[in-house]
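Asker: One structure, pasted below without further comment.
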Amino acid sequence: MKYILMDYVSEAGWPQLPRAEQERWLGAYNAYVEAMAKAGVLRGSTGLQPTAAATTVRVVNDRTQVLDGPYADSKEQLGGFHIIDVTDLDAAIAWAARSPTTLHGIVEVRPLHDQAAHEREFGRAALKPTEREDHA
């Protein structure tokens, strides 16, 4: 089963860490990602640009609204994520608990939709395949 592990941290806290602590954390984080890859559970992983680079889009009354910044203003921000494929939620939680992110933030674990099962339950979306890929 596939899960997404989302790393939430305080962006403002990173620059305040001493350089040695930043390097230690980055080393631990790289080792964590490498361990997931070696275990064969890692399906994807990336970091995100700071929330200052975010753009939020919504449509209200058929009018597109574009806002600078993230959707939510919170103490912690989504800094990156990993997609893993493991046997069950307990295995996903075990990988999340190993994340160095838990030293300065939290890791949210959430199951991903099984696309085939989702389509069996709800039917195929009305969008064309290329549109589905662009908006999925």
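Naming works like this for the structure tokens: A, B, ... for the chains as they're shown, residue 1 at the start of each chain, ligands 1 onward in shown order.
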Report as a ChimeraX atom specification: the residues of region 34-109 of chain A with a DSSP assignment of alpha helix (DSSP H), based on the backbone of this structure.
Answerer: /A:34-39,89-97
Asker: How far is it from CA of Ile4 (chain A) to CA of Glu21 (chain A), in Å with one decimal?
Answerer: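 One can read the CA of Ile4 (chain A) to CA of Glu21 (chain A) distance as 26.5 Å.
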Asker: For region 34-49 of chain A, find every residue with an atom within 6 Å (counting only C-alpha atoms), except residues of its own chain fewer than 5 positions away, and show them as an NGL selection string.
Answerer: :A and (79-85)
Asker: Write out the residues from the selection above, keeping N, CA, C and O atoms, as a compact mmCIF listing (two decimals), in the first residue's frame.
Answerer:
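And here's part.txt as it stands now:
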# COMPACT_ATOMS: atom_id res chain seq x y z
N GLY A 79 7.39 21.01 4.06
CA GLY A 79 8.71 21.24 3.49
C GLY A 79 9.12 20.23 2.45
O GLY A 79 10.02 20.48 1.65
N GLY A 80 8.48 19.08 2.44
CA GLY A 80 8.81 18.04 1.49
C GLY A 80 8.00 16.81 1.78
O GLY A 80 7.22 16.76 2.73
N PHE A 81 8.18 15.78 0.94
CA PHE A 81 7.42 14.56 1.14
C PHE A 81 8.13 13.37 0.51
O PHE A 81 9.02 13.52 -0.32
N HIS A 82 7.70 12.19 0.94
CA HIS A 82 8.19 10.92 0.41
C HIS A 82 6.97 10.06 0.11
O HIS A 82 6.03 10.04 0.92
N ILE A 83 6.99 9.36 -0.98
CA ILE A 83 5.96 8.37 -1.26
C ILE A 83 6.62 7.01 -1.08
O ILE A 83 7.66 6.73 -1.68
N ILE A 84 6.00 6.21 -0.21
CA ILE A 84 6.55 4.89 0.07
C ILE A 84 5.49 3.83 -0.22
O ILE A 84 4.30 4.11 -0.20
N ASP A 85 5.95 2.62 -0.46
CA ASP A 85 5.07 1.49 -0.70
C ASP A 85 5.43 0.41 0.31
O ASP A 85 6.49 -0.20 0.21
Asker: Write out as a PyMOL selection string each polymer residue whose atoms come within 10 Å of Thr55 (chain A), counting only C-alpha atoms; drop sequence neighbours fewer than 6 positions from it.
Answerer: chain A and resi 66-71
Asker: If I take CA of Gly105 (chain A) and CA of Tyr3 (chain A), how far is one from the other in Å, to one decimal?
Answerer: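 Taking CA of Gly105 (chain A) and CA of Tyr3 (chain A), their separation equals 18.8 Å.
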Asker: Can you pull out every residue from region 46-123 of chain A that DSSP, working from the backbone, puts in strand (DSSP E), and format the result as a count of residues only?
Answerer: 30
Asker: Hey, what's within 8 Å of Pro50 (chain A) if we count only C-alpha atoms and toss same-chain stuff fewer than 3 positions away? As a CSV table (one decimal) with all heavy atoms, in the first residue's frame, please?
Answerer:
chain,number,residue,atom,x,y,z
A,11,GLU,N,9.8,26.9,8.8
A,11,GLU,CA,10.8,27.5,7.9
A,11,GLU,C,11.6,28.5,8.6
A,11,GLU,O,12.8,28.6,8.4
A,11,GLU,CB,10.1,28.2,6.8
A,11,GLU,CG,9.4,27.3,5.8
A,11,GLU,CD,8.7,28.1,4.7
A,11,GLU,OE1,8.5,29.3,4.8
A,11,GLU,OE2,8.2,27.4,3.7
A,53,ALA,N,7.3,31.1,-2.1
A,53,ALA,CA,7.2,30.8,-3.5
A,53,ALA,C,5.9,30.2,-3.9
A,53,ALA,O,5.6,30.0,-5.1
A,53,ALA,CB,8.3,29.9,-3.9
A,54,ALA,N,5.0,30.0,-2.9
A,54,ALA,CA,3.7,29.3,-3.2
A,54,ALA,C,2.7,30.3,-3.8
A,54,ALA,O,2.7,31.5,-3.6
A,54,ALA,CB,3.1,28.8,-1.9
A,79,GLY,N,7.4,21.0,4.1
A,79,GLY,CA,8.7,21.2,3.5
A,79,GLY,C,9.1,20.2,2.5
A,79,GLY,O,10.0,20.5,1.7
